[in-house]
$ cat model.cif   # mmCIF, N, CA and C atoms
data_query
#
loop_
_atom_site.label_atom_id
_atom_site.label_comp_id
_atom_site.auth_asym_id
_atom_site.auth_seq_id
_atom_site.Cartn_x
_atom_site.Cartn_y
_atom_site.Cartn_z
N MET A 47 -49.08 70.44 -20.58
CA MET A 47 -49.16 69.16 -19.88
C MET A 47 -49.10 68.05 -20.92
N SER A 48 -48.24 67.08 -20.69
CA SER A 48 -48.07 65.98 -21.63
C SER A 48 -49.26 65.03 -21.55
N PRO A 49 -49.50 64.21 -22.60
CA PRO A 49 -50.57 63.20 -22.53
C PRO A 49 -50.41 62.27 -21.34
N SER A 50 -49.16 61.93 -21.01
CA SER A 50 -48.92 61.06 -19.86
C SER A 50 -49.38 61.72 -18.57
N ASP A 51 -49.09 63.00 -18.41
CA ASP A 51 -49.53 63.73 -17.22
C ASP A 51 -51.04 63.82 -17.16
N ARG A 52 -51.69 64.04 -18.32
CA ARG A 52 -53.15 64.11 -18.34
C ARG A 52 -53.76 62.79 -17.91
N ARG A 53 -53.19 61.67 -18.37
CA ARG A 53 -53.70 60.36 -17.96
C ARG A 53 -53.59 60.20 -16.45
N LYS A 54 -52.49 60.65 -15.88
CA LYS A 54 -52.30 60.53 -14.44
C LYS A 54 -53.31 61.38 -13.68
N ASN A 55 -53.67 62.53 -14.25
CA ASN A 55 -54.58 63.45 -13.56
C ASN A 55 -56.04 63.17 -13.82
N ASN A 56 -56.38 62.31 -14.76
CA ASN A 56 -57.77 62.05 -15.12
C ASN A 56 -58.41 60.94 -14.32
N GLY A 57 -57.77 60.42 -13.31
CA GLY A 57 -58.39 59.39 -12.49
C GLY A 57 -57.77 58.03 -12.70
N MET A 58 -58.16 57.11 -11.82
CA MET A 58 -57.56 55.80 -11.79
C MET A 58 -57.82 55.00 -13.06
N SER A 59 -58.97 55.18 -13.71
CA SER A 59 -59.27 54.35 -14.88
C SER A 59 -58.30 54.60 -16.02
N GLN A 60 -57.68 55.76 -16.05
CA GLN A 60 -56.74 56.08 -17.11
C GLN A 60 -55.29 55.79 -16.72
N LEU A 61 -55.04 55.58 -15.44
CA LEU A 61 -53.69 55.40 -14.96
C LEU A 61 -53.17 54.01 -15.30
N ASP A 62 -52.01 53.95 -15.93
CA ASP A 62 -51.39 52.68 -16.26
C ASP A 62 -50.34 52.39 -15.20
N ARG A 63 -50.64 51.42 -14.30
CA ARG A 63 -49.76 51.11 -13.18
C ARG A 63 -48.67 50.12 -13.55
N ARG A 64 -48.71 49.57 -14.73
CA ARG A 64 -47.75 48.53 -15.08
C ARG A 64 -46.39 49.11 -15.42
N LYS A 65 -45.35 48.35 -15.11
CA LYS A 65 -44.01 48.70 -15.53
C LYS A 65 -43.92 48.50 -17.04
N SER A 66 -42.97 49.14 -17.67
CA SER A 66 -42.88 49.04 -19.13
C SER A 66 -42.70 47.60 -19.59
N ASP A 67 -42.07 46.73 -18.78
CA ASP A 67 -41.90 45.32 -19.15
C ASP A 67 -43.22 44.57 -19.19
N ASP A 68 -44.24 45.07 -18.44
CA ASP A 68 -45.51 44.37 -18.31
C ASP A 68 -46.52 44.80 -19.37
N ARG A 69 -46.15 45.66 -20.26
CA ARG A 69 -47.09 46.10 -21.28
C ARG A 69 -47.52 44.93 -22.13
N ARG A 70 -48.77 44.96 -22.58
CA ARG A 70 -49.33 43.86 -23.36
C ARG A 70 -48.73 43.81 -24.74
N LYS A 71 -48.51 42.60 -25.22
CA LYS A 71 -48.00 42.40 -26.57
C LYS A 71 -49.13 42.37 -27.58
N SER A 72 -50.30 41.90 -27.16
CA SER A 72 -51.45 41.73 -28.06
C SER A 72 -52.64 42.52 -27.52
N ARG A 73 -53.47 42.94 -28.43
CA ARG A 73 -54.69 43.63 -28.04
C ARG A 73 -55.61 42.66 -27.29
N ARG A 74 -56.16 43.13 -26.19
CA ARG A 74 -57.12 42.31 -25.43
C ARG A 74 -58.53 42.76 -25.78
N TYR A 75 -59.43 41.79 -25.80
CA TYR A 75 -60.82 42.04 -26.17
C TYR A 75 -61.71 41.82 -24.96
N PRO A 76 -62.61 42.77 -24.68
CA PRO A 76 -63.49 42.64 -23.52
C PRO A 76 -64.51 41.52 -23.72
N LEU A 77 -64.83 40.84 -22.62
CA LEU A 77 -65.89 39.85 -22.61
C LEU A 77 -66.25 39.60 -21.16
N SER A 78 -67.32 38.88 -20.95
CA SER A 78 -67.72 38.48 -19.61
C SER A 78 -68.02 36.99 -19.68
N LEU A 79 -67.17 36.19 -19.04
CA LEU A 79 -67.31 34.75 -19.12
C LEU A 79 -66.93 34.13 -17.78
N GLU A 80 -67.84 33.34 -17.23
CA GLU A 80 -67.55 32.64 -15.98
C GLU A 80 -66.55 31.53 -16.26
N ILE A 81 -65.50 31.48 -15.45
CA ILE A 81 -64.44 30.48 -15.61
C ILE A 81 -64.08 29.91 -14.24
N GLU A 82 -63.12 29.02 -14.24
CA GLU A 82 -62.47 28.58 -13.01
C GLU A 82 -60.99 28.83 -13.18
N TRP A 83 -60.31 29.07 -12.09
CA TRP A 83 -58.87 29.21 -12.11
C TRP A 83 -58.32 28.51 -10.87
N GLU A 84 -57.03 28.18 -10.91
CA GLU A 84 -56.46 27.38 -9.84
C GLU A 84 -55.05 27.88 -9.52
N ASN A 85 -54.75 27.91 -8.21
CA ASN A 85 -53.39 28.13 -7.76
C ASN A 85 -53.08 27.07 -6.71
N TYR A 86 -52.03 27.25 -5.94
CA TYR A 86 -51.66 26.22 -4.96
C TYR A 86 -52.67 26.09 -3.83
N HIS A 87 -53.63 27.02 -3.71
CA HIS A 87 -54.69 26.92 -2.70
C HIS A 87 -55.89 26.13 -3.21
N GLY A 88 -55.92 25.79 -4.49
CA GLY A 88 -57.04 25.04 -5.04
C GLY A 88 -57.75 25.79 -6.15
N ARG A 89 -58.84 25.19 -6.62
CA ARG A 89 -59.61 25.74 -7.73
C ARG A 89 -60.67 26.70 -7.20
N ARG A 90 -60.87 27.81 -7.94
CA ARG A 90 -61.80 28.86 -7.52
C ARG A 90 -62.57 29.40 -8.73
N PRO A 91 -63.76 29.95 -8.47
CA PRO A 91 -64.51 30.58 -9.57
C PRO A 91 -63.96 31.98 -9.85
N GLY A 92 -64.19 32.43 -11.06
CA GLY A 92 -63.81 33.78 -11.46
C GLY A 92 -64.53 34.13 -12.75
N SER A 93 -64.22 35.30 -13.27
CA SER A 93 -64.80 35.75 -14.55
C SER A 93 -63.69 36.35 -15.38
N LEU A 94 -63.70 36.05 -16.68
CA LEU A 94 -62.79 36.74 -17.58
C LEU A 94 -63.40 38.08 -17.92
N SER A 95 -62.61 39.15 -17.85
CA SER A 95 -63.11 40.46 -18.27
C SER A 95 -62.49 40.87 -19.60
N ASP A 96 -61.36 40.25 -19.96
CA ASP A 96 -60.80 40.44 -21.29
C ASP A 96 -59.86 39.29 -21.61
N ILE A 97 -59.57 39.14 -22.91
CA ILE A 97 -58.70 38.05 -23.34
C ILE A 97 -57.94 38.46 -24.59
N SER A 98 -56.77 37.89 -24.77
CA SER A 98 -55.98 38.03 -25.98
C SER A 98 -55.34 36.68 -26.27
N GLU A 99 -54.53 36.63 -27.30
CA GLU A 99 -53.82 35.40 -27.61
C GLU A 99 -52.64 35.18 -26.66
N ASP A 100 -52.34 36.17 -25.82
CA ASP A 100 -51.22 36.07 -24.89
C ASP A 100 -51.62 36.03 -23.43
N GLY A 101 -52.87 36.38 -23.11
CA GLY A 101 -53.26 36.42 -21.71
C GLY A 101 -54.69 36.86 -21.51
N CYS A 102 -55.02 37.12 -20.24
CA CYS A 102 -56.39 37.51 -19.90
C CYS A 102 -56.38 38.26 -18.58
N PHE A 103 -57.54 38.81 -18.21
CA PHE A 103 -57.71 39.40 -16.88
C PHE A 103 -58.84 38.63 -16.21
N VAL A 104 -58.55 38.12 -15.00
CA VAL A 104 -59.49 37.33 -14.23
C VAL A 104 -60.04 38.19 -13.09
N LEU A 105 -61.35 38.34 -13.04
CA LEU A 105 -61.99 39.01 -11.93
C LEU A 105 -62.18 38.01 -10.80
N SER A 106 -61.56 38.28 -9.66
CA SER A 106 -61.63 37.40 -8.51
C SER A 106 -61.09 38.16 -7.31
N GLU A 107 -61.78 38.07 -6.18
CA GLU A 107 -61.37 38.81 -4.99
C GLU A 107 -60.31 38.08 -4.18
N VAL A 108 -59.84 36.94 -4.65
CA VAL A 108 -58.85 36.16 -3.94
C VAL A 108 -57.46 36.76 -4.16
N ASP A 109 -56.66 36.79 -3.10
CA ASP A 109 -55.30 37.32 -3.20
C ASP A 109 -54.39 36.36 -3.94
N VAL A 110 -53.61 36.92 -4.87
CA VAL A 110 -52.54 36.20 -5.54
C VAL A 110 -51.33 37.12 -5.53
N SER A 111 -50.20 36.62 -5.96
CA SER A 111 -48.98 37.42 -5.98
C SER A 111 -48.48 37.55 -7.41
N ASP A 112 -47.92 38.71 -7.73
CA ASP A 112 -47.29 38.88 -9.03
C ASP A 112 -46.23 37.80 -9.19
N GLY A 113 -46.21 37.16 -10.36
CA GLY A 113 -45.26 36.10 -10.64
C GLY A 113 -45.76 34.70 -10.30
N GLU A 114 -46.87 34.61 -9.56
CA GLU A 114 -47.43 33.31 -9.16
C GLU A 114 -47.95 32.56 -10.40
N LEU A 115 -47.77 31.25 -10.40
CA LEU A 115 -48.31 30.42 -11.48
C LEU A 115 -49.75 30.05 -11.17
N VAL A 116 -50.61 30.17 -12.18
CA VAL A 116 -52.03 29.82 -12.06
C VAL A 116 -52.45 29.03 -13.29
N ARG A 117 -53.54 28.31 -13.15
CA ARG A 117 -54.16 27.63 -14.28
C ARG A 117 -55.53 28.26 -14.49
N VAL A 118 -55.85 28.53 -15.75
CA VAL A 118 -57.14 29.12 -16.13
C VAL A 118 -57.88 28.08 -16.94
N PHE A 119 -59.15 27.83 -16.58
CA PHE A 119 -59.97 26.83 -17.26
C PHE A 119 -61.11 27.54 -17.99
N ILE A 120 -61.06 27.53 -19.32
CA ILE A 120 -62.08 28.18 -20.14
C ILE A 120 -63.09 27.13 -20.59
N PRO A 121 -64.38 27.35 -20.26
CA PRO A 121 -65.38 26.33 -20.60
C PRO A 121 -65.72 26.30 -22.09
N LEU A 122 -66.00 25.11 -22.57
CA LEU A 122 -66.48 24.91 -23.94
C LEU A 122 -67.99 24.65 -23.89
N THR A 123 -68.64 24.72 -25.02
CA THR A 123 -70.09 24.52 -25.06
C THR A 123 -70.50 23.10 -24.70
N ASP A 124 -69.59 22.12 -24.86
CA ASP A 124 -69.93 20.72 -24.56
C ASP A 124 -69.69 20.35 -23.10
N GLY A 125 -69.35 21.33 -22.26
CA GLY A 125 -69.10 21.06 -20.85
C GLY A 125 -67.64 20.80 -20.52
N MET A 126 -66.82 20.56 -21.52
CA MET A 126 -65.39 20.37 -21.30
C MET A 126 -64.74 21.74 -21.05
N LYS A 127 -63.49 21.72 -20.62
CA LYS A 127 -62.75 22.96 -20.36
C LYS A 127 -61.37 22.87 -20.97
N VAL A 128 -60.89 24.01 -21.49
CA VAL A 128 -59.53 24.09 -22.00
C VAL A 128 -58.69 24.74 -20.90
N GLU A 129 -57.58 24.11 -20.57
CA GLU A 129 -56.72 24.56 -19.47
C GLU A 129 -55.51 25.31 -20.02
N PHE A 130 -55.20 26.45 -19.37
CA PHE A 130 -54.04 27.25 -19.74
C PHE A 130 -53.19 27.51 -18.50
N LEU A 131 -51.89 27.36 -18.63
CA LEU A 131 -50.97 27.72 -17.58
C LEU A 131 -50.56 29.17 -17.80
N GLY A 132 -50.52 29.93 -16.72
CA GLY A 132 -50.14 31.33 -16.85
C GLY A 132 -49.42 31.83 -15.62
N GLN A 133 -48.90 33.03 -15.76
CA GLN A 133 -48.19 33.68 -14.66
C GLN A 133 -48.88 35.01 -14.38
N VAL A 134 -49.15 35.28 -13.10
CA VAL A 134 -49.79 36.53 -12.71
C VAL A 134 -48.85 37.68 -13.04
N ALA A 135 -49.33 38.61 -13.85
CA ALA A 135 -48.52 39.75 -14.27
C ALA A 135 -48.88 41.02 -13.51
N ASN A 136 -50.14 41.11 -13.04
CA ASN A 136 -50.59 42.34 -12.42
C ASN A 136 -51.77 42.03 -11.51
N TYR A 137 -51.55 42.05 -10.20
CA TYR A 137 -52.61 41.80 -9.23
C TYR A 137 -53.19 43.13 -8.77
N VAL A 138 -54.52 43.23 -8.81
CA VAL A 138 -55.22 44.44 -8.35
C VAL A 138 -56.10 44.02 -7.18
N TYR A 139 -55.79 44.51 -6.01
CA TYR A 139 -56.47 44.14 -4.77
C TYR A 139 -57.98 44.22 -4.89
N GLU A 140 -58.67 43.15 -4.49
CA GLU A 140 -60.13 43.01 -4.47
C GLU A 140 -60.80 43.14 -5.84
N ILE A 141 -60.01 43.12 -6.91
CA ILE A 141 -60.58 43.18 -8.26
C ILE A 141 -60.22 41.93 -9.05
N GLY A 142 -58.93 41.64 -9.15
CA GLY A 142 -58.51 40.49 -9.92
C GLY A 142 -57.06 40.57 -10.33
N PHE A 143 -56.72 39.88 -11.42
CA PHE A 143 -55.33 39.82 -11.82
C PHE A 143 -55.19 39.53 -13.31
N GLY A 144 -54.13 40.10 -13.88
CA GLY A 144 -53.77 39.83 -15.26
C GLY A 144 -52.89 38.60 -15.32
N VAL A 145 -53.09 37.80 -16.36
CA VAL A 145 -52.33 36.55 -16.54
C VAL A 145 -51.68 36.57 -17.91
N ASN A 146 -50.39 36.25 -17.95
CA ASN A 146 -49.70 36.00 -19.21
C ASN A 146 -49.64 34.49 -19.38
N PHE A 147 -50.22 33.99 -20.49
CA PHE A 147 -50.17 32.55 -20.75
C PHE A 147 -48.73 32.13 -21.05
N ILE A 148 -48.34 30.96 -20.56
CA ILE A 148 -47.00 30.44 -20.81
C ILE A 148 -47.09 28.99 -21.28
N SER A 149 -46.05 28.55 -21.96
CA SER A 149 -45.93 27.15 -22.42
C SER A 149 -47.15 26.69 -23.21
N LEU A 150 -47.62 27.53 -24.13
CA LEU A 150 -48.80 27.16 -24.93
C LEU A 150 -48.45 26.11 -25.97
N THR A 151 -49.32 25.12 -26.12
CA THR A 151 -49.18 24.13 -27.19
C THR A 151 -49.75 24.73 -28.47
N ASP A 152 -49.50 24.10 -29.59
CA ASP A 152 -50.08 24.55 -30.86
C ASP A 152 -51.61 24.53 -30.79
N GLY A 153 -52.17 23.49 -30.16
CA GLY A 153 -53.62 23.38 -30.02
C GLY A 153 -54.20 24.52 -29.18
N GLN A 154 -53.51 24.89 -28.11
CA GLN A 154 -53.97 25.99 -27.27
C GLN A 154 -53.89 27.31 -28.04
N ARG A 155 -52.82 27.50 -28.80
CA ARG A 155 -52.68 28.73 -29.62
C ARG A 155 -53.82 28.83 -30.64
N GLU A 156 -54.14 27.71 -31.29
CA GLU A 156 -55.23 27.69 -32.27
C GLU A 156 -56.56 28.00 -31.58
N PHE A 157 -56.79 27.39 -30.41
CA PHE A 157 -58.01 27.66 -29.67
C PHE A 157 -58.12 29.14 -29.33
N LEU A 158 -57.04 29.73 -28.81
CA LEU A 158 -57.07 31.15 -28.43
C LEU A 158 -57.31 32.05 -29.63
N ALA A 159 -56.68 31.74 -30.75
CA ALA A 159 -56.89 32.55 -31.96
C ALA A 159 -58.36 32.51 -32.37
N SER A 160 -58.97 31.35 -32.35
CA SER A 160 -60.40 31.21 -32.70
C SER A 160 -61.28 31.88 -31.66
N PHE A 161 -60.95 31.72 -30.39
CA PHE A 161 -61.74 32.29 -29.30
C PHE A 161 -61.70 33.81 -29.35
N VAL A 162 -60.51 34.37 -29.55
CA VAL A 162 -60.36 35.83 -29.64
C VAL A 162 -61.09 36.37 -30.86
N GLU A 163 -61.03 35.64 -31.97
CA GLU A 163 -61.75 36.07 -33.17
C GLU A 163 -63.26 36.07 -32.91
N LEU A 164 -63.75 35.05 -32.23
CA LEU A 164 -65.17 34.96 -31.90
C LEU A 164 -65.62 36.12 -31.01
N TYR A 165 -64.83 36.42 -29.97
CA TYR A 165 -65.22 37.46 -29.02
C TYR A 165 -64.74 38.84 -29.40
N GLY A 166 -63.68 38.93 -30.24
CA GLY A 166 -63.11 40.24 -30.51
C GLY A 166 -63.24 40.72 -31.94
N GLY A 167 -63.91 39.96 -32.78
CA GLY A 167 -64.04 40.39 -34.17
C GLY A 167 -62.78 40.04 -34.95
N ASP A 168 -62.44 40.85 -35.94
CA ASP A 168 -61.29 40.59 -36.78
C ASP A 168 -60.01 40.74 -35.98
N VAL A 169 -59.18 39.73 -36.06
CA VAL A 169 -57.89 39.74 -35.38
C VAL A 169 -56.83 39.80 -36.46
N PRO A 170 -55.90 40.79 -36.37
CA PRO A 170 -54.84 40.85 -37.40
C PRO A 170 -53.99 39.59 -37.37
N PRO A 171 -53.48 39.18 -38.53
CA PRO A 171 -52.65 37.97 -38.58
C PRO A 171 -51.40 38.15 -37.73
N ALA A 172 -50.91 37.04 -37.17
CA ALA A 172 -49.71 37.10 -36.31
C ALA A 172 -48.46 37.25 -37.14
#

$ encode --input "model.cif" --output "structure tokens"
Amino acid sequence: MSPSDRRKNNGMSQLDRRKSDDRRKSRRYPLSLEIEWENYHGRRPGSLSDISEDGCFVLSEVDVSDGELVRVFIPLTDGMKVEFLGQVANYVYEIGFGVNFISLTDGQREFLASFVELYGGDVPPA
């Protein structure tokens, strides 16, 4: 039995449902952080369960669609929030959705690099 077959047979936690195009480019680091996110229905609460310099996973029971544009608001210690535009890459019913960040400014890239280093330890240079 191949490693791929074993992953399929070992339960849902090991199963990779993403198409090969949706594979992550950067390592994601686990964290638990209350955030807000927004789509065309308005702003909603959620939690980040992981983050990378390219995207994140938002825990939220609200329905979204793959490909939908969303905004993710990451809180700062001073009460301000950093806003990121992203596209839903992988929606998991009643759990949440993966977001690929798009149109990042240099300032947003620097923030993400520092944020990922803070929450994920040493991050290899880009």

$ closest_residue --input "model.cif" --among "A:Ala159, A:Glu99, A:Asn146, A:Gly132" --to "Val116 of chain A" --atoms "all atoms listed in the file"
A:Gly132

$ resolve_selection --input "model.cif" --expression "the PyMOL selection byres (((chain A and resi 149 and name CA) around 9) and name CA)" --output "MDAnalysis selection string"
chainID A and resid 130:132 147:148 150:151

$ residues_near_point --input "model.cif" --point "(-60.6, 37.7, -24.5)" --cutoff "8 Å" --atoms "only N, CA and C atoms" --output "NGL selection string"
:A and (73-78 or 94-99 or 101-103 or 161-163 or 165-166)

$ atom_distance --input "model.cif" --atom1 "atom N of Val128 of chain A" --atom2 "atom N of Ile81 of chain A"
10.7 Å

$ atom_distance --input "model.cif" --atom1 "atom C of Gly92 of chain A" --atom2 "atom CA of Glu156 of chain A"
22.6 Å

$ closest_residue --input "model.cif" --among "A:Leu105, A:Leu164, A:Ala135, A:Leu79" --to "Ile120 of chain A" --atoms "only C-alpha atoms"
A:Leu79
